[in-house]
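Okay, final.txt is below, compact mmCIF, C-alpha atoms:
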```txt
# COMPACT_ATOMS: atom_id res chain seq x y z
CA MET A 289 98.81 102.46 86.85
CA GLY A 290 101.19 103.99 89.35
CA PHE A 291 104.16 106.07 88.24
CA THR A 292 105.93 105.86 84.90
CA LEU A 293 108.38 108.06 83.04
CA GLY A 294 109.97 107.93 79.62
CA ALA A 295 109.68 109.57 76.21
CA LYS A 296 106.75 108.95 73.91
CA THR A 297 104.67 110.70 71.27
CA THR A 298 101.66 112.60 72.57
CA ALA A 299 99.32 109.93 71.17
CA ASP A 300 101.18 107.20 73.02
CA ILE A 301 101.00 109.19 76.28
CA VAL A 302 97.23 109.61 75.82
CA GLN A 303 96.94 105.91 75.03
CA GLU A 304 98.94 104.93 78.12
CA THR A 305 96.82 107.25 80.27
CA ALA A 306 93.52 105.87 78.98
CA GLU A 307 94.56 102.24 79.27
CA GLY A 308 96.02 102.90 82.71
CA LEU A 309 92.76 104.34 84.00
CA ILE A 310 90.79 101.42 82.55
CA ALA A 311 93.21 98.99 84.21
CA THR A 312 92.72 100.42 87.71
CA PRO A 313 91.37 97.60 89.90
CA GLU A 314 88.37 99.56 91.15
CA GLY A 315 86.86 99.23 87.65
CA PHE A 316 85.21 102.65 87.51
CA TRP A 317 86.77 103.64 84.14
CA THR A 318 85.71 102.02 80.87
CA ASP A 319 86.22 102.74 77.18
CA ALA A 320 83.25 104.91 76.19
CA ASP A 321 83.60 104.64 72.43
CA PRO A 322 85.68 102.02 70.57
CA THR A 323 85.83 104.28 67.50
CA TRP A 324 88.00 106.70 69.44
CA THR A 325 91.50 105.24 69.25
CA THR A 326 95.08 106.46 68.88
CA ILE A 327 95.83 104.29 65.85
CA ASP A 328 95.54 107.13 63.32
CA ARG A 329 97.94 109.89 64.40
CA THR A 330 97.24 112.25 61.49
CA GLY A 331 95.17 115.40 62.05
CA ASN A 332 93.25 115.31 65.33
CA ASN A 333 92.37 111.64 64.96
CA ALA A 334 94.34 110.20 67.88
CA ARG A 335 91.92 110.37 70.79
CA ARG A 336 90.29 108.40 73.58
CA VAL A 337 87.10 108.84 75.55
CA LEU A 338 86.42 107.17 78.88
CA LYS A 339 83.37 106.77 81.05
CA TYR A 340 83.65 107.03 84.82
CA ALA A 341 80.75 105.30 86.58
CA ASN A 342 80.85 104.88 90.35
CA GLY A 343 77.46 104.54 92.04
CA ALA A 344 75.54 107.70 91.20
CA GLU A 345 78.66 109.37 89.79
CA LEU A 346 78.83 109.46 86.00
CA ILE A 347 81.08 111.56 83.78
CA TYR A 348 82.79 111.28 80.42
CA LEU A 349 86.40 112.30 79.87
CA ALA A 350 87.72 112.87 76.33
CA LEU A 351 91.45 113.22 75.62
CA GLU A 352 92.23 114.48 72.12
CA VAL A 353 95.63 114.86 70.47
CA ILE A 354 95.54 118.06 68.41
CA ASN A 355 97.89 117.56 65.46
CA GLN A 356 96.08 119.18 62.55
CA THR A 357 98.27 120.79 59.89
CA SER A 358 99.94 123.94 61.30
CA GLY A 359 98.03 123.45 64.57
CA MET A 360 94.91 125.31 65.61
CA ASN A 361 94.84 129.09 65.27
CA TYR A 362 93.39 129.32 68.74
CA TYR A 363 94.34 132.85 69.75
CA TYR A 364 94.33 136.20 68.04
CA GLY A 365 95.76 138.87 70.29
CA ASN A 366 95.88 142.60 70.19
CA GLN A 367 99.25 142.39 68.44
CA GLY A 368 97.50 141.53 65.20
CA TRP A 369 98.54 137.95 64.51
CA TRP A 370 97.37 134.44 65.21
CA TYR A 371 99.01 132.02 67.56
CA TYR A 372 98.77 128.40 66.52
CA GLY A 373 98.97 125.45 68.86
CA LYS A 374 99.22 121.70 68.99
CA GLY A 375 98.71 119.77 72.18
CA ILE A 376 96.06 117.91 74.17
CA ARG A 377 92.42 118.85 74.60
CA VAL A 378 90.55 117.66 77.69
CA VAL A 379 86.75 117.61 77.59
CA PHE A 380 84.36 116.70 80.41
CA SER A 381 80.74 115.93 79.57
CA ALA A 382 77.75 114.43 81.33
CA SER A 383 76.76 112.31 78.33
CA TRP A 384 78.14 110.89 75.08
CA ASP A 385 76.66 110.81 71.61
CA SER A 386 77.35 107.23 70.57
CA VAL A 387 75.76 107.80 67.14
CA ALA A 388 77.76 110.88 66.10
CA HIS A 389 80.71 109.74 68.23
CA ILE A 390 81.26 113.09 69.91
CA TYR A 391 80.67 114.84 73.20
CA PRO A 392 77.59 117.08 73.44
CA THR A 393 77.94 120.81 72.85
CA SER A 394 77.23 121.27 76.53
CA ASN A 395 80.63 120.41 77.99
CA GLN A 396 83.69 121.81 79.70
CA SER A 397 86.97 121.90 77.82
CA THR A 398 90.55 123.08 77.86
CA PHE A 399 93.02 123.01 74.99
CA VAL A 400 96.61 122.76 76.29
CA PRO A 401 98.73 124.17 73.44
CA PHE A 402 102.22 123.14 74.54
CA GLU A 403 103.63 123.26 70.99
CA THR A 404 102.94 126.85 69.99
CA GLN A 405 104.08 129.06 67.17
CA ARG A 406 103.03 132.35 65.66
CA GLY A 407 101.67 131.76 62.17
CA GLY A 408 101.69 127.95 62.33
CA VAL A 409 103.25 125.01 64.19
CA ASN A 410 105.86 123.02 62.29
CA ALA A 411 106.40 119.96 64.49
CA ASP A 412 104.51 116.81 63.57
CA PHE A 413 103.09 115.01 66.59
CA ARG A 414 103.42 111.69 64.79
CA THR A 415 107.14 111.88 65.50
CA LEU A 416 107.71 114.62 68.12
CA MET A 417 108.82 112.91 71.31
CA ILE A 418 107.71 114.14 74.71
CA PRO A 419 109.79 113.17 77.76
CA TYR A 420 107.13 112.78 80.44
CA GLN A 421 106.21 111.72 83.97
CA LEU A 422 102.81 110.12 84.52
CA TRP A 423 100.86 109.14 87.62
CA ILE A 424 97.66 107.09 87.23
CA GLU A 425 95.26 105.83 89.87
CA SER A 426 91.53 105.24 90.09
CA ASN A 427 90.99 108.85 91.12
CA GLY A 428 92.72 110.33 88.08
CA PHE A 429 96.10 111.18 86.63
CA VAL A 430 98.89 113.75 86.42
CA ILE A 431 100.99 114.25 83.27
CA MET A 432 104.05 116.48 83.23
CA GLY A 433 105.86 116.71 79.91
CA LYS A 434 108.47 118.71 78.02
CA PRO A 435 108.71 118.42 74.22
CA GLU A 436 112.00 117.56 72.55
CA PRO A 437 113.39 120.64 70.77
CA ASP A 438 112.03 121.40 67.33
CA ALA A 439 114.32 123.35 64.99
CA THR A 440 111.65 125.75 63.75
CA ASP A 441 109.01 126.08 66.47
CA THR A 442 110.00 128.87 68.84
CA ASN A 443 107.32 128.63 71.53
CA GLN A 444 107.68 125.08 72.83
CA GLN A 445 106.35 124.70 76.35
CA SER A 446 106.43 122.17 79.12
CA PHE A 447 103.03 121.36 80.57
CA ILE A 448 101.04 119.76 83.36
CA ILE A 449 97.58 118.20 83.10
CA VAL A 450 95.79 117.02 86.24
CA VAL A 451 92.45 115.23 86.13
CA GLU A 452 91.33 114.26 89.61
CA ARG A 453 88.31 112.99 91.46
CA SER A 454 88.18 113.72 95.16
CA PRO A 455 86.42 111.04 97.25
CA THR A 456 85.17 113.73 99.62
CA LYS A 457 83.74 117.22 99.29
CA GLU A 458 83.26 119.98 101.83
CA TYR A 459 79.52 120.10 101.24
CA ALA A 460 76.86 118.61 98.97
CA ASP A 461 76.66 120.78 95.87
CA GLY A 462 75.01 118.69 93.17
CA TYR A 463 78.12 118.76 90.98
CA THR A 464 80.69 116.06 90.24
CA ASN A 465 83.72 115.24 92.38
CA PHE A 466 86.11 116.01 89.51
CA PHE A 467 88.33 118.88 88.47
CA CYS A 468 90.98 119.45 85.79
CA PHE A 469 93.96 121.76 86.20
CA THR A 470 96.36 122.60 83.37
CA SER A 471 99.33 124.89 82.99
CA VAL A 472 102.25 125.55 80.64
CA ASN A 473 105.63 127.05 81.44
CA MET A 474 106.04 129.96 79.02
CA TRP A 475 102.67 131.54 79.59
CA ILE A 476 102.35 130.10 83.08
CA ASN A 477 99.46 132.36 83.93
CA CYS A 478 97.55 131.02 80.96
CA LEU A 479 98.13 132.13 77.41
CA TYR A 480 94.88 133.99 77.21
CA ASP A 481 91.68 132.16 76.60
CA GLY A 482 91.14 133.09 73.05
CA ASN A 483 89.92 135.97 71.02
CA TRP A 484 87.70 134.99 68.14
CA ALA A 485 88.39 131.31 68.73
CA PRO A 486 85.39 129.08 69.47
CA THR A 487 84.89 128.03 73.08
CA ILE A 488 86.10 124.47 72.46
CA TRP A 489 89.54 125.84 71.54
CA ARG A 490 90.10 127.97 74.60
CA ASN A 491 93.08 127.43 76.85
CA ARG A 492 91.71 127.19 80.40
CA THR A 493 93.47 126.66 83.69
CA ILE A 494 90.67 124.94 85.54
CA LEU A 495 87.55 122.92 84.83
CA ARG A 496 85.17 122.15 87.68
CA PRO A 497 82.39 120.06 86.13
CA PHE A 498 79.88 121.38 85.97
CA ALA A 499 80.03 124.36 88.29
CA PHE A 500 82.31 126.56 86.17
CA GLN A 501 85.32 126.66 83.87
CA TYR A 502 87.94 129.40 83.92
CA PRO A 503 88.82 131.54 82.11
CA ASP A 504 85.73 131.75 79.97
CA HIS A 505 86.07 135.05 78.18
CA ALA A 506 85.91 135.91 74.52
CA SER A 507 88.42 138.72 74.80
CA TRP A 508 92.19 138.69 75.00
CA GLY A 509 94.12 138.95 78.23
CA GLY A 510 96.25 137.04 80.70
CA PHE A 511 94.62 135.12 83.53
CA THR A 512 96.20 133.54 86.59
CA ALA A 513 95.11 130.16 87.90
CA ASN A 514 95.84 130.90 91.54
CA GLY A 515 92.85 132.49 93.20
CA ASN A 516 90.50 131.85 90.30
CA GLY A 517 88.85 128.59 91.23
CA LEU A 518 92.01 127.08 92.60
CA SER A 519 94.19 128.15 95.55
CA PHE A 520 97.85 127.34 95.91
CA VAL A 521 98.35 128.32 99.53
CA PRO A 522 101.70 130.02 100.21
CA THR A 523 103.33 130.45 103.62
CA PRO A 524 103.35 133.33 102.65
CA ASN A 525 106.27 133.79 100.22
CA ASN A 526 106.93 130.15 99.38
CA PHE A 527 104.85 127.20 98.40
CA ALA A 528 106.18 123.76 99.44
CA PHE A 529 109.70 124.16 100.80
CA LYS A 530 112.29 122.43 102.99
CA SER A 531 112.72 123.92 106.43
CA VAL A 532 116.16 125.29 107.28
CA GLY A 533 115.34 124.42 110.89
CA ASN A 534 114.57 120.70 110.78
CA ASN A 535 114.93 119.73 107.08
CA LYS A 536 111.28 118.73 106.94
CA VAL A 537 109.19 119.62 103.90
CA TYR A 538 106.11 121.75 104.52
CA TYR A 539 103.30 122.07 102.02
CA VAL A 540 99.60 122.79 101.61
CA LYS A 541 97.63 120.82 99.04
CA PRO A 542 95.75 122.87 96.42
CA LEU A 543 92.16 123.82 97.16
CA ILE A 544 89.53 123.65 94.44
CA HIS A 545 86.59 126.03 94.63
CA ASN A 546 83.06 125.97 93.29
CA VAL A 547 83.38 129.50 91.91
CA SER A 548 86.02 131.11 89.72
CA GLY A 549 87.30 132.94 92.79
CA GLN A 550 88.60 131.66 96.11
CA THR A 551 85.59 131.84 98.39
CA ALA A 552 83.93 128.44 97.98
CA PRO A 553 86.39 125.61 98.70
CA ILE A 554 84.78 122.33 97.76
CA LEU A 555 87.60 119.80 97.64
CA GLN A 556 91.33 119.38 98.05
CA SER A 557 93.73 117.69 95.64
CA ASP A 558 95.71 114.63 96.66
CA LEU A 559 97.57 114.13 93.39
CA PHE A 560 99.78 117.22 93.19
CA PHE A 561 100.94 120.43 94.83
CA LEU A 562 103.02 123.47 93.94
CA TRP A 563 106.56 123.81 95.31
CA SER A 564 109.12 126.62 95.32
CA GLU A 565 112.65 126.42 93.98
CA GLY A 566 115.54 127.91 95.92
CA VAL A 567 114.10 126.95 99.31
CA GLY A 568 115.68 123.55 99.88
CA LEU A 569 113.84 121.44 97.30
CA ILE A 570 115.26 120.56 93.87
CA ASP A 571 114.03 118.77 90.77
CA GLY A 572 113.87 115.02 91.35
CA ASP A 573 113.41 115.14 95.12
CA VAL A 574 111.09 112.46 96.48
CA ILE A 575 109.07 113.51 99.52
CA SER A 576 107.80 111.00 102.04
CA ILE A 577 104.60 112.17 103.72
CA GLU A 578 104.26 111.88 107.48
CA GLY A 579 101.66 109.40 108.62
CA ARG A 580 101.19 107.88 105.16
CA THR A 581 103.07 105.60 102.80
CA THR A 582 102.50 108.16 100.04
CA LYS A 583 105.45 109.81 98.34
CA TYR A 584 105.51 112.75 95.92
CA LEU A 585 108.05 113.56 93.21
CA CYS A 586 109.13 117.18 92.73
CA LYS A 587 109.50 118.09 89.08
CA GLY A 588 110.83 121.38 87.76
CA LEU A 589 110.44 121.67 84.00
CA ASP A 590 111.71 124.42 81.75
CA SER A 591 111.18 124.04 77.99
CA PRO A 592 113.20 124.31 74.79
CA ASP A 593 112.15 127.95 74.37
CA SER A 594 111.81 129.27 77.90
CA THR A 595 113.68 129.16 81.19
CA SER A 596 110.42 129.63 83.10
CA ARG A 597 109.82 126.51 85.13
CA LEU A 598 106.78 124.49 86.06
CA THR A 599 107.42 123.33 89.62
CA PHE A 600 104.87 120.76 90.73
CA ALA A 601 105.09 117.72 92.95
CA MET A 602 103.10 114.75 91.69
CA LYS A 603 102.18 111.49 93.35
CA TYR A 604 104.96 108.92 93.01
CA ILE A 605 104.22 106.12 95.50
CA PRO A 606 100.60 105.41 96.59
CA MET B 84 100.01 121.11 137.67
CA ASP B 85 99.41 123.44 140.63
CA VAL B 86 99.15 127.13 139.88
CA ILE B 87 101.59 129.30 141.83
CA ILE B 88 101.06 133.04 142.03
CA VAL B 89 104.13 134.92 143.12
CA LEU B 90 103.85 138.65 143.78
CA ASP B 91 107.48 139.12 144.83
CA LYS B 92 109.74 136.10 144.54
CA GLU B 93 112.50 137.83 146.54
CA LYS B 94 110.33 137.44 149.64
CA LEU B 95 110.16 133.66 149.23
CA PRO B 96 112.46 131.42 151.29
CA PRO B 97 115.64 130.45 149.32
CA ASP B 98 114.58 126.82 148.80
CA LEU B 99 111.24 127.90 147.27
CA GLN B 100 113.00 130.49 145.08
CA GLU B 101 115.17 127.69 143.66
CA GLU B 102 112.13 125.47 143.07
CA LEU B 103 110.33 128.31 141.32
CA GLN B 104 113.30 128.85 139.02
CA LYS B 105 113.17 125.18 137.93
CA ILE B 106 109.50 125.49 137.03
CA VAL B 107 110.06 128.69 135.05
CA ARG B 108 112.87 127.05 133.07
CA LYS B 109 110.92 123.87 132.38
CA GLN B 110 107.66 125.35 131.17
CA PRO B 111 108.57 126.89 127.76
CA ASP B 112 109.82 123.63 126.22
CA GLU B 113 106.59 121.81 126.98
CA ASN B 114 104.47 124.64 125.61
CA ILE B 115 106.42 125.06 122.38
CA GLN B 116 105.94 121.38 121.53
CA GLU B 117 102.17 121.86 121.61
CA GLN B 118 102.17 125.17 119.77
CA VAL B 119 103.96 123.85 116.65
CA LYS B 120 101.82 120.73 116.28
CA PRO B 121 100.14 120.96 112.82
CA GLN B 122 96.39 121.36 112.82
CA SER B 123 94.15 119.33 110.54
CA GLY B 124 91.93 120.90 107.91
CA MET B 125 92.05 122.26 104.40
CA PHE B 126 94.36 125.18 104.95
CA SER B 127 96.76 123.41 107.30
CA ILE B 128 100.41 122.92 106.55
CA GLN B 129 101.41 119.29 106.22
CA SER B 130 104.93 117.97 106.50
CA GLY B 131 107.15 115.33 105.01
CA THR B 132 110.78 114.42 104.43
CA VAL B 133 112.99 114.24 101.35
CA VAL B 134 113.99 110.58 101.10
CA GLY B 135 115.99 110.68 97.87
CA ASN B 136 116.35 112.19 94.42
CA ILE B 137 115.54 110.24 91.26
CA ASN B 138 118.17 112.17 89.30
CA LYS B 139 120.91 111.06 91.69
CA ASP B 140 119.75 107.75 93.15
CA GLN B 141 119.22 104.52 91.26
CA LYS B 142 115.81 103.95 92.81
CA VAL B 143 113.76 105.80 95.40
CA SER B 144 110.95 103.84 96.94
```

Go ahead and render the structure in this file as structure tokens.
Amino acid sequence: MGFTLGAKTTADIVQETAEGLIATPEGFWTDADPTWTTIDRTGNNARRVLKYANGAELIYLALEVINQTSGMNYYYGNQGWWYYGKGIRVVFSASWDSVAHIYPTSNQSTFVPFETQRGGVNADFRTLMIPYQLWIESNGFVIMGKPEPDATDTNQQSFIIVVERSPTKEYADGYTNFFCFTSVNMWINCLYDGNWAPTIWRNRTILRPFAFQYPDHASWGGFTANGNGLSFVPTPNNFAFKSVGNNKVYYVKPLIHNVSGQTAPILQSDLFFLWSEGVGLIDGDVISIEGRTTKYLCKGLDSPDSTSRLTFAMKYIP
Amino acid sequence: MDVIIVLDKEKLPPDLQEELQKIVRKQPDENIQEQVKPQSGMFSIQSGTVVGNINKDQKVS
């Protein structure tokens, strides 16, 4: 647990994340199914599922490495061709089928297709290395990664996956304390949520178990995360920035809502926030937070096939 | 602090005019310090300091 960085295969990152959560001293995370391992990296077989049990709180979290041949044809747009993707799928569920070894059909999911290609992905996740930064604590994790260049794939994206439990909520709502936020750098406003693809293959920006998941359409289109279940609060043109007056960093932590809009704030993230480039902060900056020992690391990730940058600060020191 | 209402400061004795000027100069600094204090709550701005850069420094902790 804590902060690590390096370069690993996607399966090894998922394995490190799962083992890190299980190793947190609070003991809330356990292995939910020993048949789900990352030993077999072919197809979509590298995967882990964890159970979070803390008093009355109970939720299952599945992390699947999607490496099937050519990737999943997860999106068919109005242009008339399929986009294929490989990546990580995150699935929340309230129960687990220990006989069939799968989550129930009633679940929330997002497929994060960071290795994307029209007509079929070429890279093999058994060998494709992902330079990454990872934060793990009892309340969840943040992964930011950027694939090594592949000679033939032309839509390689950097990505962020946040799974977080907030200890507090604004009001009692009968739902869990968890959310999941994901984004990629090329189609930063979400590469559509699928047209003709089954719901389990949709690329979503936010899961809020089990109030809503977004987007949740069957038609093609682009969808922004900000304002649709999650609020990155700007001031008003910049997100986190360094003041030209006193060199301090000012930021607002993301708000998570109970609706796919921005009118029901339920909890606030503590693991990450959005920052702006060109306003004093640069990639690699470590921010010390006033009144706490906590520090955050600013990462700005482009990708092999796009200069668009994911700019998120993630927890670095507890 | 006592509240002083002055309708026409030119009619005050010179020593009181000087005292009034000191008060007028002193007040803004005290007020500004309170006005910029961050509020708590979900939408509030929080602050911090850049203490290093992991791309440039050996270790930032």

Can I get the residues of chain A within 6 Å of chain B, each with the closest pair of atoms and their distance in Å to one decimal, using all atoms listed in the file, sorted chain first then ascending number, as a Markdown table?
```
| residue | atom | partner | partner_atom | distance |
| --- | --- | --- | --- | --- |
| A:Lys536 | CA | B:Thr132 | CA | 5.0 |
| A:Val537 | CA | B:Gly131 | CA | 4.9 |
| A:Tyr538 | CA | B:Ser130 | CA | 4.4 |
| A:Tyr539 | CA | B:Gln129 | CA | 5.4 |
| A:Val540 | CA | B:Ile128 | CA | 5.0 |
| A:Gly572 | CA | B:Asn136 | CA | 4.9 |
| A:Asp573 | CA | B:Asn136 | CA | 4.2 |
| A:Val574 | CA | B:Gly135 | CA | 5.4 |
| A:Ile575 | CA | B:Val133 | CA | 4.4 |
| A:Ser576 | CA | B:Thr132 | CA | 5.1 |
| A:Ile577 | CA | B:Gly131 | CA | 4.3 |
| A:Glu578 | CA | B:Gly131 | CA | 5.1 |
```

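We find CA of Ser519 in chain A and CA of Glu345 in chain A to be spaced 25.0 Å apart.
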
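Note that the spacing between CA of Val472 in chain A and CA of Thr325 in chain A amounts to 25.6 Å.
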
Legend entry - Separation of CA of Lys434 in chain A from CA of Leu589 in chain A, in Å and rounded to one decimal: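 Pair CA of Lys434 in chain A / CA of Leu589 in chain A returns 7.0 Å.
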
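Of the residues listed (A:Asn361, A:Thr318, A:Thr323, A:Thr582), A:Asn361 shows the shortest atom-to-atom separation from Pro401 in chain A; distances use all atoms listed in the file.
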
Legend entry - Nearby residues (only C-alpha atoms) at most 7 Å from Val378 in chain A, same-chain spacing under 3 positions excluded, as a count of residues only: 6
